[in-house]
Amino acid sequence: MKRAHLLVVGVYLLASCRAEEGLKFPTYDGKDRVVSLSEKNFKQILKKYDLLCLYYHEPVSSDKVAQKQFQLREVVLELVAQVLEHKNIGFVMVDAKKEAKLAKKLGFDEEGSLYVLKGDRTVEFDGEFAADVLVEFLLDLIEDPVEIINNKLEVQAFERIEDQIKLIGFFKNEDSEYYKAFQEAAEHFQPYIKFFATFDKGVAKRLSLKMNEVDFYEPFMDEPIVIPNRPYTEEELVEFVKEHQRPTLRRLRPEDMFETWEDDLNGIHIVAFAEKSDPDGYEFLEILKQVARDNTDNPDLSILWIDPDDFPLLVAYWEKTFKIDLFKPQIGVVNVTDADSVWMEIPDDDDLPTAEELEDWVEDVLSGKINTEDDDDEDEDDNGNDDGDNDNSDEEDNDDSDDDDDE
């Protein structure tokens with residue numbers, strides 16, 4: 001998938017050089033750190049770094065707009081490489097035409113994509129091409145795939161993570177074969193899904209975990225799912241996570257926004273816009289959570305929550321494309337092919353729908369009673385009526401002309 005249409009540079013420029021020490025945003029220093037990768041230098045570069053970040057791009061064309069877009073992405077990578085210079089991460093570019101043989105060997109097939117090589121794993125970055133998002137993504141990727149929970153305060157921090165999938169397991173120690181299987185399973189999903197573990201009996205008791213047991217937490221749900229048939233192999237854990245990877249209510253995140261958008265159900269998304277920091281948005285989000293909790297067993301339901309604050313550069317685009325006002329909560333059904341959409345009528349943000357009303361609306365969407373195709377038919381009818389009116393006008397004009405001729 002080409003993503004040039006959603007290029008967000010994320011480079012911080014300071015209007016003044018008088019920044020206070022300790023609060024100085026990085027600016028590109030002009031030093032070239034991103035190199036071109038070829039079959040000749042591939043092995044040497046791969047051995048040099050713990051992580052290798054590769055931007056796989058189409059040949060640079062003579063088109064000025066395309067050239068500027070390429071240069072902007074190059075500057076983003078240069079800034080990220082500069083910021084993470086001390087982390088032993090390499091940054092390279094792979095020309096799809098010049099290095100077609102190498103790209104095939106590496107399994108690259110999407111021009112404009114960013115890949116990261118970590119050991120024998122290849123991780124595709126499927127998020128917003130912005131410096132701050134990339135830095136956070138790479139920092140998460142170089143961490144251990146499993147975070148250890150040791151005490152009460154860390155349990156509280158774990159419990160406060162509610163808007164993303166998380167897993168936690170209780171094991172005897174780090175040498176346990178079942179913990180090692182858990183670690184290896186975590187590597188398949190790093191950094192997108194968080195894996196936690198504890199070796200502490202007190203922590204396990206608080207979380208109601210038995211020895212070698214793993215709990216799977218779906219976003220915004222009160223209770224976890226206990227993965228059955230413990231102890232588990234790596235393959236069993238990976239299979240379970242993949243089967244439960246689409247939550248009933250999920251948040252669109254900058255770091256994996258494209259992967260999430262591509263994971264539609266029958267060509268549509270039920271999309272809800274709500275600002276968590278806004279009182280009305282917070283209230284609407286709580287209503288969405290209630291609907292999700294009441295319908296968590298429905299495999300056909302997945303609501304995509306978007307907080308406009310997370311994507312300030314997309315707000316105007318969404319408002320224009322969907323013809324909605326994002327200064328108030330919204331929920332609608334969107335066709336991912338042509339971005340056609342139908343939105344629930346919420347007359348006033350002081351009169352938000354109840355959980356029951358929202359659930360009824362969602363059921364109408366799932367049954368097909370509310371769909372974007374009906375909206376297309378209405379548009380065609382409107383166009384047809386307009387054409388009909390024009391035809392009648394022409395006929396009346398012709399009649400008048402005949403009358404004039406008779407006279």
# chains A, B, ... in the order shown; residues from 1 in each chain; ligands from 1
$ closest_atom_pairs --of "range 329-371 of chain A" --to "range 285-302 of chain A" --cutoff "8 Å" --atoms "only C-alpha atoms" --output "CSV"
residue,atom,partner,partner_atom,distance
A:Thr354,CA,A:Ile287,CA,6.9
A:Ala355,CA,A:Ile287,CA,5.5
A:Glu356,CA,A:Val291,CA,7.9
A:Leu358,CA,A:Val291,CA,7.4
A:Glu359,CA,A:Val291,CA,6.2
A:Leu366,CA,A:Asp300,CA,7.5
$ residues_around --residues "range 59-64 of chain A" --least-positions-apart "6" --cutoff "9 Å" --atoms "only C-alpha atoms" --output "number ranges by chain"
A: 70, 95-98
$ write_last_selection --atoms "C-alpha atoms" --output "PDB file, in the first residue's frame"
ATOM      1  CA  PHE A  70      11.004  11.427  -1.342  1.00  0.00           C
ATOM      2  CA  ASP A  95      15.858   1.155  -4.445  1.00  0.00           C
ATOM      3  CA  ALA A  96      13.176  -1.183  -5.812  1.00  0.00           C
ATOM      4  CA  LYS A  97      14.611  -1.119  -9.346  1.00  0.00           C
ATOM      5  CA  LYS A  98      18.359  -1.071  -8.700  1.00  0.00           C
TER       6      LYS A  98
END
$ residues_around --residues "range 77-93 of chain A" --least-positions-apart "4" --cutoff "9 Å" --atoms "only C-alpha atoms" --output "PyMOL selection string"
chain A and resi 11+26-37+45-46+48-57+72-73+130-132+134-135+138-139+142
$ write_last_selection --atoms "C-alpha atoms" --output "compact mmCIF listing (two decimals), in the first residue's frame"
# COMPACT_ATOMS: atom_id res chain seq x y z
CA VAL A 11 10.33 17.19 11.95
CA PRO A 26 16.34 18.13 17.70
CA THR A 27 16.88 19.62 14.25
CA TYR A 28 18.65 17.85 11.43
CA ASP A 29 22.38 18.58 11.67
CA GLY A 30 23.11 17.91 7.99
CA LYS A 31 25.18 14.77 8.55
CA ASP A 32 24.32 11.82 6.29
CA ARG A 33 23.56 8.72 8.36
CA VAL A 34 21.14 6.96 6.01
CA VAL A 35 22.98 4.93 3.36
CA SER A 36 21.95 3.09 0.21
CA LEU A 37 21.81 -0.67 0.66
CA ILE A 45 25.81 -3.42 7.45
CA LEU A 46 23.59 -6.14 8.93
CA LYS A 48 27.10 -3.80 12.41
CA TYR A 49 23.71 -3.02 14.04
CA ASP A 50 21.27 -4.58 16.51
CA LEU A 51 18.38 -3.32 14.41
CA LEU A 52 18.37 -2.40 10.73
CA CYS A 53 15.66 -0.03 9.48
CA LEU A 54 15.09 -0.25 5.72
CA TYR A 55 13.04 2.13 3.58
CA TYR A 56 12.02 0.29 0.39
CA HIS A 57 11.20 2.88 -2.24
CA LEU A 72 10.92 14.75 2.97
CA ARG A 73 10.89 11.07 3.89
CA ALA A 130 6.58 10.82 11.33
CA ALA A 131 9.83 11.18 13.24
CA ASP A 132 8.31 11.02 16.72
CA LEU A 134 9.12 6.17 14.31
CA VAL A 135 11.39 6.91 17.28
CA LEU A 138 11.96 1.64 17.33
CA LEU A 139 12.60 2.23 21.03
CA ILE A 142 14.73 -2.77 20.99
$ closest_residue --among "A:Arg250, A:Lys320, A:Lys24, A:Lys68" --to "Leu304 in chain A" --atoms "only C-alpha atoms"
A:Arg250
$ atom_distance --atom1 "CA of Gly119 in chain A" --atom2 "CA of Leu102 in chain A"
17.5 Å
$ residues_around --residues "Phe240 in chain A" --least-positions-apart "6" --cutoff "12 Å" --atoms "only C-alpha atoms" --output "compact mmCIF listing (two decimals) with C-alpha atoms, in the first residue's frame"
# COMPACT_ATOMS: atom_id res chain seq x y z
CA LEU A 167 -1.22 -10.52 28.03
CA ALA A 185 5.49 -15.90 21.35
CA VAL A 214 -1.66 -16.68 30.79
CA ASP A 215 -4.52 -14.16 30.76
CA PHE A 216 -5.50 -12.30 27.60
CA ILE A 225 -9.88 -14.34 29.02
CA VAL A 226 -7.95 -17.22 30.59
CA ILE A 227 -6.15 -18.99 27.77
CA PRO A 228 -7.21 -22.64 28.10
CA ASN A 229 -5.13 -25.81 28.35
CA TYR A 232 1.29 -23.65 26.47
CA THR A 233 3.73 -23.97 23.63
CA GLU A 234 4.89 -20.95 21.63
CA ARG A 246 -9.50 -8.01 16.45
$ atom_distance --atom1 "CA of Val238 in chain A" --atom2 "CA of Phe189 in chain A"
8.6 Å
$ atom_distance --atom1 "CA of Glu239 in chain A" --atom2 "CA of Gln183 in chain A"
14.5 Å
$ select_by_dssp --residues "range 105-270 of chain A" --states "helix (DSSP H, G or I)" --output "PyMOL selection string"
chain A and resi 105-106+131-142+152-159+177-187+201-206+234-243+254-262
$ residues_around --residues "Gln164 in chain A" --least-positions-apart "3" --cutoff "9 Å" --atoms "only C-alpha atoms" --output "list in words"
Ile161, Tyr192, Ile193, Lys194, Tyr217, Glu218, Pro219, Phe220, Pro247, Arg250 and Arg251 of chain A
$ select_by_dssp --residues "range 205-331 of chain A" --states "strand (DSSP E or B)" --output "PyMOL selection string"
chain A and resi 214-217+225-226+249-251+265+268-273+303-306+330-331
$ write_last_selection --atoms "N, CA and C atoms" --output "mmCIF file, in the first residue's frame"
data_model
loop_
_atom_site.group_PDB
_atom_site.id
_atom_site.type_symbol
_atom_site.label_atom_id
_atom_site.label_comp_id
_atom_site.auth_asym_id
_atom_site.auth_seq_id
_atom_site.Cartn_x
_atom_site.Cartn_y
_atom_site.Cartn_z
ATOM 1 N N VAL A 214 -1.745 -17.966 31.488
ATOM 2 C CA VAL A 214 -1.661 -16.679 30.792
ATOM 3 C C VAL A 214 -3.063 -16.128 30.595
ATOM 4 N N ASP A 215 -3.240 -14.871 30.970
ATOM 5 C CA ASP A 215 -4.515 -14.164 30.761
ATOM 6 C C ASP A 215 -4.393 -13.211 29.589
ATOM 7 N N PHE A 216 -5.438 -13.179 28.767
ATOM 8 C CA PHE A 216 -5.504 -12.300 27.598
ATOM 9 C C PHE A 216 -6.524 -11.200 27.877
ATOM 10 N N TYR A 217 -6.100 -9.947 27.798
ATOM 11 C CA TYR A 217 -6.982 -8.817 28.064
ATOM 12 C C TYR A 217 -7.349 -8.122 26.756
ATOM 13 N N ILE A 225 -9.592 -12.976 29.466
ATOM 14 C CA ILE A 225 -9.879 -14.339 29.020
ATOM 15 C C ILE A 225 -8.711 -15.215 29.465
ATOM 16 N N VAL A 226 -9.009 -16.275 30.185
ATOM 17 C CA VAL A 226 -7.952 -17.215 30.586
ATOM 18 C C VAL A 226 -7.691 -18.141 29.402
ATOM 19 N N LEU A 249 -13.861 -3.321 20.577
ATOM 20 C CA LEU A 249 -13.631 -1.874 20.507
ATOM 21 C C LEU A 249 -12.134 -1.650 20.498
ATOM 22 N N ARG A 250 -11.634 -1.009 19.464
ATOM 23 C CA ARG A 250 -10.190 -0.786 19.366
ATOM 24 C C ARG A 250 -9.905 0.672 19.009
ATOM 25 N N ARG A 251 -8.730 1.106 19.398
ATOM 26 C CA ARG A 251 -8.325 2.487 19.167
ATOM 27 C C ARG A 251 -7.388 2.565 17.965
ATOM 28 N N LEU A 265 -14.148 -5.407 8.257
ATOM 29 C CA LEU A 265 -15.090 -6.521 8.255
ATOM 30 C C LEU A 265 -16.036 -6.352 7.076
ATOM 31 N N ILE A 268 -16.166 -2.847 5.444
ATOM 32 C CA ILE A 268 -16.619 -1.662 6.173
ATOM 33 C C ILE A 268 -15.950 -1.566 7.545
ATOM 34 N N HIS A 269 -15.972 -0.361 8.075
ATOM 35 C CA HIS A 269 -15.608 -0.118 9.465
ATOM 36 C C HIS A 269 -16.753 0.634 10.133
ATOM 37 N N ILE A 270 -17.067 0.248 11.366
ATOM 38 C CA ILE A 270 -17.900 1.105 12.200
ATOM 39 C C ILE A 270 -16.932 2.016 12.929
ATOM 40 N N VAL A 271 -16.986 3.311 12.623
ATOM 41 C CA VAL A 271 -16.004 4.275 13.118
ATOM 42 C C VAL A 271 -16.668 5.237 14.099
ATOM 43 N N ALA A 272 -16.040 5.428 15.250
ATOM 44 C CA ALA A 272 -16.523 6.384 16.244
ATOM 45 C C ALA A 272 -15.435 7.418 16.510
ATOM 46 N N PHE A 273 -15.796 8.681 16.382
ATOM 47 C CA PHE A 273 -14.887 9.771 16.722
ATOM 48 C C PHE A 273 -15.279 10.333 18.085
ATOM 49 N N ILE A 303 -15.719 -2.076 16.643
ATOM 50 C CA ILE A 303 -15.866 -0.623 16.516
ATOM 51 C C ILE A 303 -14.486 0.010 16.586
ATOM 52 N N LEU A 304 -14.199 0.879 15.626
ATOM 53 C CA LEU A 304 -12.907 1.551 15.579
ATOM 54 C C LEU A 304 -13.053 2.957 16.158
ATOM 55 N N TRP A 305 -12.428 3.161 17.325
ATOM 56 C CA TRP A 305 -12.486 4.476 17.969
ATOM 57 C C TRP A 305 -11.294 5.317 17.531
ATOM 58 N N ILE A 306 -11.586 6.534 17.085
ATOM 59 C CA ILE A 306 -10.542 7.476 16.693
ATOM 60 C C ILE A 306 -10.654 8.718 17.572
ATOM 61 N N GLN A 330 -19.136 11.436 17.066
ATOM 62 C CA GLN A 330 -19.772 10.913 15.859
ATOM 63 C C GLN A 330 -19.585 9.405 15.805
ATOM 64 N N ILE A 331 -20.547 8.716 15.205
ATOM 65 C CA ILE A 331 -20.376 7.293 14.899
ATOM 66 C C ILE A 331 -21.050 7.019 13.567
#
$ residues_around --residues "Gly281 in chain A" --least-positions-apart "6" --cutoff "9 Å" --atoms "only C-alpha atoms" --output "list in words"
Phe273, Ala274, Glu275, Asp307, Lys328, Pro329 and Asp349 of chain A
$ residues_around --residues "Pro308 in chain A" --least-positions-apart "5" --cutoff "10 Å" --atoms "only C-alpha atoms" --output "PyMOL selection string"
chain A and resi 252+273-276+313-315+318+326-327
